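Written out below as structure tokens is the structure these notes cover.
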Amino acid sequence: MLLDALMAGDRRALGRAITLAETGGDRAAELGRQIREHTGNARVIGVTGPPGAGKSTLTNRLIGALRAGGQSVAVLAVDPSSPISGGAILGDRLRMTSHTDDDDVFIRSLAARGHLGGLTASTPAVIDILDAGGYQQVILETVGTGQSEVEVGEIADIRVVVCTPGMGDDIQAMKAGLFEIADILVVNKSDQDGVDQTVRHLESMLSLRGPEHTRAVIVPTTATKGDGIDDLLNAIDRCSTILNPNERRRDRTRRLLAGRAAELLREHLLRHDSERLDTACRAYENGERSLEQSARDLLKLEYP
Amino acid sequence: MNTQTPYRVLVTKVGLDGHDRGSRIVAAYLRDAGMEVVYTPPWQSVDQVVRLANDEDVDLVGVSSLSTDHLIVPDLMQALRKAALEHVPVVVGGIVPDTEHALLFDAGVSAIFGPGTARDTIVNTVRQLAAAARDALENPFT
Amino acid sequence: MNRRAEQQQPKGYEKAETQWHDDYRRDIGDAQPVHNRSGVPIEPLYGPSTDPGAAHLEHLGLPGQLPYTRGIYPTMHRGQTWSQRQLIGHGTPAEYNERVLKMIDAGTTAISLIPCNSVYRGNDCDEIPLPLLGTCGTVVNTAEHMDHALSQVDIAAISTAMNDPSPFTLLSFVLNVADRRAVPWQQISGTSNQSDYLSHFIANHMFFRLSLEGARRVLLDHIAFCRERVPNWNPLSVVGQHMQQAGATPAQAMGFTLCSALQYGRDCLQRGLDPDDFLPRFTFFFDISMSLFEEVAKFRAGRRLWARLTLEQLGATTDRARRFKFHGQTSGADLTRQQPLNNIARVTTQAIAGILGGLQSLHTDAFDEVINVPNEDPARIAVATQNILREEAGLCDVIDPLGGSWYVENLTDEMEKTIVAVIDTVENAGGMYAAAESGLVQRMIGESALAWQDRIDTGDQKIVGVNCYRVPEEKDNHAVPPTVRPAKDKMQAHVDQLRRFKTDRSQAAVQQSLTALARAANSTDDNVFARVVEATAAGVTHGEVIACLRQELGFGQPLIVD
Ligand code: B12
Ligand SMILES: Nc1nc2c(ncn2[C@@H]2O[C@H](COP(=O)(O)OP(=O)(O)OP(=O)(O)O)[C@@H](O)[C@H]2O)c(=O)[nH]1
Ligand SMILES: [Mg+2]
């Protein structure tokens with residue numbers, strides 16, 4: 001029933017279904033399975049970058065540009081949960097005010113709920129729901145991330161990494177993580193000093209990347225004024241045509257499953273198979289086996 | 001019973017009012033009490049609040065009103081009913097003169113928190129109302 | 001201090017004192033000697049009995065002498081007490097007019113106009129739900145409305161304070177009314193109370209109408225226009241009150257405000273205006289909290305710093321340009337919903353702090369502050385509080401009576417250091433405009449607000465009736481008159497009348513002036529405010545002026561932070 005309502009474009013059902021996916025459990029799994037056949041149409045644009053870089057402001061503009069092209073747009077905006085209380089202030093909406101009356105725009109704020117990686121554990125499921133609900137474009141705004149949180153790279157079709165002028169050292173730090181996954185590097189706040197220098201810096205870093213990355217482009221924007229947004233959208237569209245979307249999607253599914261399996265395995269070992277885990281631990285602790293060897297023992301894997 | 005995930009509450013402002021000292025504090029109270037607070041800019045229209053409540057699927061709507069915008073909260077209550085969101089409790093905080101409490105309660109507002117309300121009173125009432133709203137959603141996902 | 005400052009400083013304390021004495025006599029002659037109840041004669045000023053040295057002079061000076069720590073005028077309240085400026089506004093222009101005429105009959109020489117919330121937000125009344133109209137201020141959308149609101153008021157004689165954010169339509173209406181009544185603009189005096197768009201962007205969001213950049217441009221046009229054409233009008237009041245009410249500490253509020261003033265001063269310089277001409281027309285507006293000595297020290301330190309900043313940063317050369325004139329308003333955020341009559345004691349305390357701090361103008365809150373805009377009786381008591389302090393308490397007998405107190409002088413120095421640290425933070429972030437645009441100031445204020453609330457919640461800061469000395473609820477709210485809302489039928493008639501006005505006026509003239517306004521907004525040399533005045537004279541309404549400028553200069557979205 002929820003599925004029918006969802007497919008019929010019922011907004012109430014959409015709101016509820018996302019909550020269900022966030023809550024998890026059997027019903028969520030069932031819904032996720034049912035809607036699978038109705039998915040695969042949405043383009044997922046990931047927007048990531050350090051705190052305060054302008055991700056939400058940029059997203060607000062991007063919604064407008066996509067809407068101008070007649071596309072329906074959903075946004076998932078993720079904010080961190082407090083590790084102490086578990087609560088969160090979901091404030092990305094503060095910068096996404098231009099489209100609140102538009103029936104073809106759906107914005108949902110999510111809290112990370114302890115999930116590392118800049119997104120939520122439920123994000124893939126929620127994307128499917130939005131996809132099945134008929135949204136053609138899904139923008140994922142991650143938690144303001146540092147270098148290591150690159151999950152969005154696993155999930156998004158197009159990855160937009162937002163940085164700002166004068167981020168010299170930060171860019172160095174980004175290099176390892178965020179920078180690697182970028183299809184498009186946005187230098188936002190280009191109304192401020194130091195844009196050219198940052199662009200040059202990024203260019204020289206790009207030239208050092210391996211061949212599989214060469215397609216990344218740099219786009220300066222001023223999200224507050226809307227400058228550069230058309231360029232950004234063009235870059236996104238170009239990326240979509242260059243990258244083979246099916247290939248990427250298959251890739252994404254493979255990585256998604258592998259990742260989820262790894263998580264489940266970890267849980268399983270810790271909670272349900274602790275005997276074997278303890279045996280492996282002992283072997284490691286009394287020096288019989290190395291860490292690597294003990295871990296492989298657990299998985300019954302031979303050395304290659 | 002569905003208590004394993006944090007309560008989601010909307011803290012927003014309708015009408016013309018721009019006072020936000022109180023709403024920022026309340027948002028922090030609720031976050032520190034383990035709730036997820038969807039925090040919006042002021043000047044939401046009644047229809048926009050309905051949409052927020054729906055899309056964000058919150059367990060409670062909190063309206064902060066200091067400059068008499070509570071006078072259109074009865075319109076909000078009606079609009080929520082029309083959108084099949086009557087199960088979502090609405091609380092109002094800020095300046096509501098005693099003489100106008102009845103106007104809001106009659107319209108279906110669940111609680112009013114004036115200036116000087118103790119933090120615990122706010123947090124506990126909001127939590128109870130949100131919990132009751134979740135429980136009341138019988139078979140919530142059909 | 002550089003050379004110029006030294007030249008203006010008389011040498012030696014005795015000489016400075018003689019100078020002060022001459023100035024004092026020149027200003028108020030041989031005023032009546034003052035005695036206290038026991039017959040002890042009271043001098044207008046007390047100071048060190050032996051020469052305290054050059055550092056003292058440089059640091060404190062005497063009243064009316066740089067750096068003005070002890071007051072900006074030689075006579076201060078012994079000569080002229082503060083002006084009593086109560087903010088009023090409610091309902092339709094006709095209802096406002098009734099109230100203003102009553103006040104004028106009662107001897108008021110300065111009036112103010114608070115417009116309706118819908119006006120602040122930039123709308124005409126025909127765009128807004130009826131229940132929200134006129135609840136907090138008067139619904140003024142056209143020059144006609146202003147004419148009505150000021151009916152039988154001699155606008156050439158009275159000073160008006162307009163709560164009138166950029167693009168200043170209320171002043172525009174007043175100038176239109178002056179034309180209709182053949183009153184030359186030179187005779188129009190008063191203040192644009194709410195021209196400080198930075199304070200709106202940061203803390204008073206309802207008032208923020210145009211984009212930051214647009215507001216900046218229009219303010220400069222407004223200042224330039226007023227300096228040229230309405231010389232007795234104060235085009236800029238720099239506001240610390242909003243920020244302190246939003247939660248800034250007193251030192252932060254003073255620091256931020258001085259930074260705003262510096263920003264406006266620099267913008268005026270860039271516009272080619274003369275600091276000695278525009279600075280004397282800058283006024284300040286501050287909150288006065290319950291922290292009595294802290295507030296006194298805040299004002300004393302603020303005066304001293306402004307005297308320095310105008311010289312060092314803005315190149316002022318005259319003493320007048322370096323005077324820190326301020327209006328104070330008692331802190332509404334310190335008042336309580338619980339046991340509302342207690343607020344009279346709080347307002348009294350706050351007012352005393354402001355008076356001892358050397359204010360030029362004062363608004364005292366009514367005891368029903370935490371319930372509604374002031375009802376008539378509570379408003380009357382608020383005015384009476386000022387009268388009592390002025391007439392009965394002897395507060396005006398001595399200039400800077402706390403000067404020389406070890407505690408207060410020390411506190412003034414410490415506040416100054418704290419304020420300077422705030423100024424440094426803002427200046428390092430690129431000045432007030434940049435610090436507001438990036439949200440730095442908003443975040444600092446939010447943190448202070450939370451920290452203060454936490455002190456109340458934990459009981460570290462006692463608030464009588466809230467977290468101590470509480471009484472049962474049924475005994476709590478006595479003596480508060482019931483809230484009055486504008487009469488619905490009158491307001492509906494007012495809205496209908498505006499609709500009729502909009503259809504009946506000359507549409508061609510309206511279109512023409514809107515086109516001129518849009519063109520001015522896109523030009524760099526035309527004065528936008530001058531076009532606003534022309535437009536409203538041609539029947540363009542408040543909402544239409546703002547819609548046009550929002551189109552051309554950008555919509556005003558203040559930066560809301562979580
Ligand atoms: C601070 C203040 C301001 C500041 C606001 C700064 C800011 N960024 O917030 C400034 C100086 C800018 C300001 C301006 C104005 N103000 Co003002 N302001 C106040 C004041 C003095 C205190 C409000 C406050 O912040 N209190 C402290 C906070 C912590 O308390 P609180 O907001 O009440 O919140 C507590 C509870 O109410 C509750 N709560 C509040 N919201 C919510 C929401 C939820 C979901 C929950 C659960 C609980 C809850 O919990 C909070 C914590 O205990 C009040 C009077 C008063 N003492 O209440 C007037 C007051 C609200 N202002 C008023 C007016 C008219 C204005 C102006 C229109 C003035 C004018 N005419 O020019 C402007 C417009 C402001 C705007 N931008 O919208 C009037 C409104 C009149 C009315 N209701 O009839 C008041 C009542 C004063 C008066 N009597 O005239 N103001
Ligand atoms: N000058 C300038 N400021 C910008 C620009 N884009 C965003 N900002 C400002 O930067 C601040 C942060 O913007 P957000 O869009 O909230 O940034 P964010 O990356 O979403 O932040 P988090 O979600 O908190 O990580 C806000 O004050 C914006 O107004 C820009 O192009 N120029
Ligand atoms: Mg964001």
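In the structure tokens, chains take the letters A, B, ... in the order shown, each chain's residues start at 1, and ligands count up from 1 in the order shown.
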
Within-8 Å residues of ligand 2, basis only C-alpha atoms and all ligand atoms, as a ChimeraX atom specification
/A:48-59,78-79,91-92,94-95,141-145,162,188-192,221-227 /C:437-439,559,561

When you get a sec, could you note down which chain A residues fall within 9 Å of chain B, using only C-alpha atoms, as a PyMOL selection string?
chain A and resi 1-3+11-20+22-23+27+81-82+84-95+97+100-101+106-111+113

Out of stretch 42-134 of chain B, which residues get helix (DSSP H, G or I) from DSSP, as a compact mmCIF listing (two decimals) with N, CA and C atoms, in the first residue's frame?
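part_4.txt written:
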```txt
# COMPACT_ATOMS: atom_id res chain seq x y z
N VAL B 46 1.89 29.41 6.19
CA VAL B 46 1.18 28.26 6.74
C VAL B 46 1.39 27.04 5.84
N ASP B 47 1.27 27.23 4.54
CA ASP B 47 1.43 26.10 3.62
C ASP B 47 2.85 25.53 3.66
N GLN B 48 3.80 26.41 3.83
CA GLN B 48 5.18 25.92 3.90
C GLN B 48 5.41 25.07 5.14
N VAL B 49 4.82 25.46 6.26
CA VAL B 49 4.99 24.66 7.47
C VAL B 49 4.36 23.28 7.28
N VAL B 50 3.22 23.25 6.62
CA VAL B 50 2.58 21.96 6.36
C VAL B 50 3.51 21.09 5.52
N ARG B 51 4.07 21.67 4.50
CA ARG B 51 4.98 20.92 3.64
C ARG B 51 6.20 20.43 4.43
N LEU B 52 6.75 21.31 5.27
CA LEU B 52 7.90 20.90 6.09
C LEU B 52 7.53 19.72 6.98
N ALA B 53 6.39 19.82 7.62
CA ALA B 53 5.97 18.76 8.53
C ALA B 53 5.83 17.45 7.78
N ASN B 54 5.33 17.54 6.56
CA ASN B 54 5.13 16.34 5.76
C ASN B 54 6.47 15.78 5.25
N ASP B 55 7.22 16.61 4.57
CA ASP B 55 8.44 16.12 3.92
C ASP B 55 9.46 15.66 4.96
N ASP B 69 2.56 36.57 15.78
CA ASP B 69 2.25 35.68 14.67
C ASP B 69 1.50 34.43 15.11
N HIS B 70 1.43 34.23 16.41
CA HIS B 70 0.60 33.12 16.90
C HIS B 70 -0.85 33.29 16.48
N LEU B 71 -1.22 34.51 16.11
CA LEU B 71 -2.61 34.76 15.71
C LEU B 71 -2.99 34.02 14.43
N ILE B 72 -1.99 33.56 13.65
CA ILE B 72 -2.37 32.75 12.48
C ILE B 72 -2.12 31.25 12.70
N VAL B 73 -1.75 30.89 13.93
CA VAL B 73 -1.56 29.47 14.21
C VAL B 73 -2.87 28.67 14.05
N PRO B 74 -4.04 29.24 14.39
CA PRO B 74 -5.27 28.49 14.09
C PRO B 74 -5.39 28.12 12.61
N ASP B 75 -4.95 28.99 11.73
CA ASP B 75 -4.95 28.65 10.30
C ASP B 75 -4.03 27.47 10.03
N LEU B 76 -2.91 27.46 10.70
CA LEU B 76 -1.96 26.36 10.53
C LEU B 76 -2.59 25.04 10.96
N MET B 77 -3.30 25.07 12.09
CA MET B 77 -3.91 23.84 12.60
C MET B 77 -4.89 23.28 11.57
N GLN B 78 -5.64 24.19 10.98
CA GLN B 78 -6.62 23.76 9.99
C GLN B 78 -5.92 23.17 8.76
N ALA B 79 -4.86 23.83 8.34
CA ALA B 79 -4.14 23.36 7.14
C ALA B 79 -3.50 22.00 7.40
N LEU B 80 -3.01 21.77 8.61
CA LEU B 80 -2.42 20.47 8.93
C LEU B 80 -3.48 19.38 8.87
N ARG B 81 -4.66 19.71 9.38
CA ARG B 81 -5.75 18.73 9.32
C ARG B 81 -6.07 18.38 7.88
N LYS B 82 -6.12 19.41 7.07
CA LYS B 82 -6.48 19.19 5.67
C LYS B 82 -5.45 18.31 4.97
N ASP B 98 -2.06 35.66 28.03
CA ASP B 98 -3.00 34.72 28.64
C ASP B 98 -4.36 34.75 27.96
N THR B 99 -4.77 35.94 27.60
CA THR B 99 -6.11 36.09 27.03
C THR B 99 -6.24 35.39 25.68
N GLU B 100 -5.12 35.00 25.08
CA GLU B 100 -5.20 34.36 23.77
C GLU B 100 -4.82 32.87 23.81
N HIS B 101 -4.60 32.36 25.02
CA HIS B 101 -4.29 30.92 25.13
C HIS B 101 -5.45 30.08 24.61
N ALA B 102 -6.67 30.49 24.95
CA ALA B 102 -7.85 29.71 24.55
C ALA B 102 -7.95 29.62 23.03
N LEU B 103 -7.63 30.72 22.37
CA LEU B 103 -7.67 30.74 20.90
C LEU B 103 -6.82 29.61 20.33
N LEU B 104 -5.65 29.42 20.92
CA LEU B 104 -4.74 28.40 20.41
C LEU B 104 -5.16 27.00 20.86
N PHE B 105 -5.50 26.86 22.14
CA PHE B 105 -5.88 25.52 22.61
C PHE B 105 -7.14 25.05 21.90
N ASP B 106 -8.09 25.94 21.70
CA ASP B 106 -9.32 25.56 21.00
C ASP B 106 -9.01 25.10 19.57
N ALA B 107 -7.98 25.68 19.00
CA ALA B 107 -7.63 25.31 17.62
C ALA B 107 -6.86 23.99 17.58
N ARG B 119 13.87 24.75 31.35
CA ARG B 119 14.35 23.88 30.29
C ARG B 119 13.72 22.48 30.38
N ASP B 120 13.68 21.93 31.59
CA ASP B 120 13.14 20.57 31.74
C ASP B 120 11.68 20.48 31.33
N THR B 121 10.94 21.52 31.65
CA THR B 121 9.52 21.51 31.28
C THR B 121 9.38 21.43 29.76
N ILE B 122 10.18 22.24 29.07
CA ILE B 122 10.11 22.23 27.60
C ILE B 122 10.51 20.86 27.06
N VAL B 123 11.66 20.38 27.50
CA VAL B 123 12.18 19.13 26.95
C VAL B 123 11.23 17.97 27.25
N ASN B 124 10.76 17.87 28.50
CA ASN B 124 9.92 16.73 28.86
C ASN B 124 8.58 16.76 28.14
N THR B 125 7.99 17.94 28.07
CA THR B 125 6.68 18.02 27.39
C THR B 125 6.82 17.68 25.92
N VAL B 126 7.85 18.22 25.29
CA VAL B 126 8.04 17.94 23.86
C VAL B 126 8.26 16.45 23.65
N ARG B 127 9.07 15.85 24.53
CA ARG B 127 9.35 14.43 24.36
C ARG B 127 8.08 13.60 24.52
N GLN B 128 7.29 13.94 25.56
CA GLN B 128 6.06 13.18 25.79
C GLN B 128 5.10 13.31 24.61
N LEU B 129 4.96 14.52 24.11
CA LEU B 129 4.03 14.73 22.99
C LEU B 129 4.51 13.99 21.75
N ALA B 130 5.81 14.04 21.49
CA ALA B 130 6.35 13.36 20.31
C ALA B 130 6.16 11.85 20.44
N ALA B 131 6.41 11.35 21.65
CA ALA B 131 6.27 9.90 21.87
C ALA B 131 4.81 9.48 21.67
N ALA B 132 3.92 10.28 22.22
CA ALA B 132 2.50 9.94 22.10
C ALA B 132 2.08 9.97 20.63
N ALA B 133 2.63 10.93 19.89
CA ALA B 133 2.26 11.03 18.47
C ALA B 133 2.74 9.80 17.71
N ARG B 134 3.92 9.33 18.04
CA ARG B 134 4.43 8.14 17.36
C ARG B 134 3.59 6.92 17.70
```

Hey, list the chain C side of the contact with chain A: 12 Å cut-off, only C-alpha atoms, answer as number ranges by chain.
C: 211-213, 430, 434, 437-440, 553-562

Could you write out that same residue set with C-alpha atoms as a short mmCIF file (atom, residue, chain, number, x, y, z; two decimals), in the first residue's frame?
```cif
data_model
loop_
_atom_site.label_atom_id
_atom_site.label_comp_id
_atom_site.auth_asym_id
_atom_site.auth_seq_id
_atom_site.Cartn_x
_atom_site.Cartn_y
_atom_site.Cartn_z
CA SER C 211 20.50 42.45 -0.16
CA LEU C 212 23.53 43.39 1.93
CA GLU C 213 25.15 45.10 -1.02
CA GLY C 430 37.89 41.96 7.22
CA ALA C 434 32.66 40.86 5.98
CA GLU C 437 28.39 38.33 5.76
CA SER C 438 30.36 35.30 6.85
CA GLY C 439 28.22 34.73 9.94
CA LEU C 440 31.08 35.19 12.39
CA LEU C 553 19.32 45.24 -5.88
CA GLY C 554 18.58 41.77 -4.62
CA PHE C 555 16.20 40.32 -2.09
CA GLY C 556 17.17 40.73 1.52
CA GLN C 557 17.85 37.40 3.07
CA PRO C 558 19.51 37.98 6.42
CA LEU C 559 21.94 35.32 7.47
CA ILE C 560 20.14 33.01 9.87
CA VAL C 561 22.50 30.66 11.66
CA ASP C 562 21.66 27.64 13.77
#
```

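Going from atom CA of C:Glu534 to atom CA of C:Ala182 covers 15.9 Å.
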
May I ask you to extract the residues of chain B within 6 Å of chain C, using only C-alpha atoms, and to give them as a compact mmCIF listing (two decimals) with C-alpha atoms, in the first residue's frame?
```txt
# COMPACT_ATOMS: atom_id res chain seq x y z
CA GLY B 18 12.21 37.50 13.05
CA ARG B 21 17.18 34.16 20.21
CA PRO B 97 -0.86 36.71 26.17
CA GLY B 116 10.98 31.85 31.60
```

Taking 4 positions as the minimum chain separation for residues in the same chain, which residues sit within 6 Å of C:Arg304 when counting only C-alpha atoms? Answer as an mmCIF file with N, CA, C and O atoms, in the first residue's frame.
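Wrote selection18.cif, looks like this:
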```cif
data_model
loop_
_atom_site.group_PDB
_atom_site.id
_atom_site.type_symbol
_atom_site.label_atom_id
_atom_site.label_comp_id
_atom_site.auth_asym_id
_atom_site.auth_seq_id
_atom_site.Cartn_x
_atom_site.Cartn_y
_atom_site.Cartn_z
ATOM 1 N N PRO C 67 39.263 62.525 26.005
ATOM 2 C CA PRO C 67 38.548 61.606 25.090
ATOM 3 C C PRO C 67 37.103 61.347 25.513
ATOM 4 O O PRO C 67 36.551 60.326 25.125
ATOM 5 N N TYR C 68 36.533 62.263 26.234
ATOM 6 C CA TYR C 68 35.095 62.201 26.559
ATOM 7 C C TYR C 68 34.691 61.060 27.485
ATOM 8 O O TYR C 68 33.515 60.727 27.575
ATOM 9 N N THR C 69 35.637 60.450 28.147
ATOM 10 C CA THR C 69 35.273 59.352 29.048
ATOM 11 C C THR C 69 34.235 59.813 30.067
ATOM 12 O O THR C 69 33.308 59.085 30.406
#
```

Find the spatial neighbours of stretch 34-40 of chain A, counting only C-alpha atoms, within a cut-off of 10 Å - ignore same-chain residues fewer than 6 positions away - and output them as a PyMOL selection string.
chain A and resi 3-4+6-7+28+125+127-134+136+246+249

Just asking: which residues within stretch 101-216 of chain A are strand (DSSP E) according to DSSP, as a ChimeraX atom specification?
/A:105-111,137-141,158-163,184-187

Keeping N, CA and C atoms, export the residues of the selection given above as a compact mmCIF listing (two decimals), in the first residue's frame.
```
# COMPACT_ATOMS: atom_id res chain seq x y z
N VAL A 105 9.93 19.77 -6.04
CA VAL A 105 11.16 19.75 -5.25
C VAL A 105 10.84 19.12 -3.90
N PHE A 106 11.68 18.19 -3.49
CA PHE A 106 11.47 17.52 -2.21
C PHE A 106 12.80 17.55 -1.45
N ILE A 107 12.78 18.17 -0.28
CA ILE A 107 14.01 18.26 0.50
C ILE A 107 13.83 17.50 1.81
N ARG A 108 14.78 16.68 2.13
CA ARG A 108 14.70 15.95 3.39
C ARG A 108 16.02 16.11 4.14
N SER A 109 15.94 16.49 5.40
CA SER A 109 17.13 16.61 6.24
C SER A 109 17.33 15.31 7.01
N LEU A 110 18.53 14.82 7.02
CA LEU A 110 18.81 13.59 7.75
C LEU A 110 19.97 13.81 8.71
N ALA A 111 19.91 13.10 9.83
CA ALA A 111 21.03 13.14 10.78
C ALA A 111 21.86 11.88 10.59
N GLN A 137 16.28 13.89 -10.41
CA GLN A 137 17.60 14.29 -9.94
C GLN A 137 17.61 14.19 -8.42
N VAL A 138 18.62 13.56 -7.88
CA VAL A 138 18.75 13.50 -6.42
C VAL A 138 20.09 14.11 -6.04
N ILE A 139 20.01 15.18 -5.24
CA ILE A 139 21.26 15.79 -4.77
C ILE A 139 21.51 15.32 -3.34
N LEU A 140 22.72 14.85 -3.11
CA LEU A 140 23.11 14.39 -1.78
C LEU A 140 24.06 15.39 -1.19
N GLU A 141 23.66 16.11 -0.15
CA GLU A 141 24.63 16.98 0.51
C GLU A 141 25.17 16.25 1.73
N ILE A 158 27.56 11.40 -9.90
CA ILE A 158 28.47 12.51 -10.17
C ILE A 158 28.91 13.06 -8.82
N ARG A 159 30.20 13.24 -8.67
CA ARG A 159 30.68 13.73 -7.37
C ARG A 159 31.23 15.13 -7.51
N VAL A 160 30.59 16.03 -6.80
CA VAL A 160 31.02 17.43 -6.81
C VAL A 160 31.70 17.72 -5.48
N VAL A 161 32.94 18.14 -5.52
CA VAL A 161 33.64 18.48 -4.29
C VAL A 161 33.79 19.99 -4.23
N VAL A 162 33.30 20.58 -3.14
CA VAL A 162 33.28 22.04 -3.01
C VAL A 162 34.42 22.49 -2.12
N CYS A 163 35.23 23.39 -2.62
CA CYS A 163 36.22 24.01 -1.74
C CYS A 163 36.14 25.52 -1.92
N ILE A 184 34.03 16.80 -10.33
CA ILE A 184 34.02 18.24 -10.53
C ILE A 184 34.51 18.89 -9.25
N LEU A 185 35.45 19.79 -9.40
CA LEU A 185 35.93 20.54 -8.25
C LEU A 185 35.37 21.94 -8.33
N VAL A 186 34.53 22.31 -7.38
CA VAL A 186 33.97 23.65 -7.37
C VAL A 186 34.81 24.52 -6.45
N VAL A 187 35.24 25.67 -6.96
CA VAL A 187 35.85 26.66 -6.08
C VAL A 187 34.77 27.69 -5.81
```
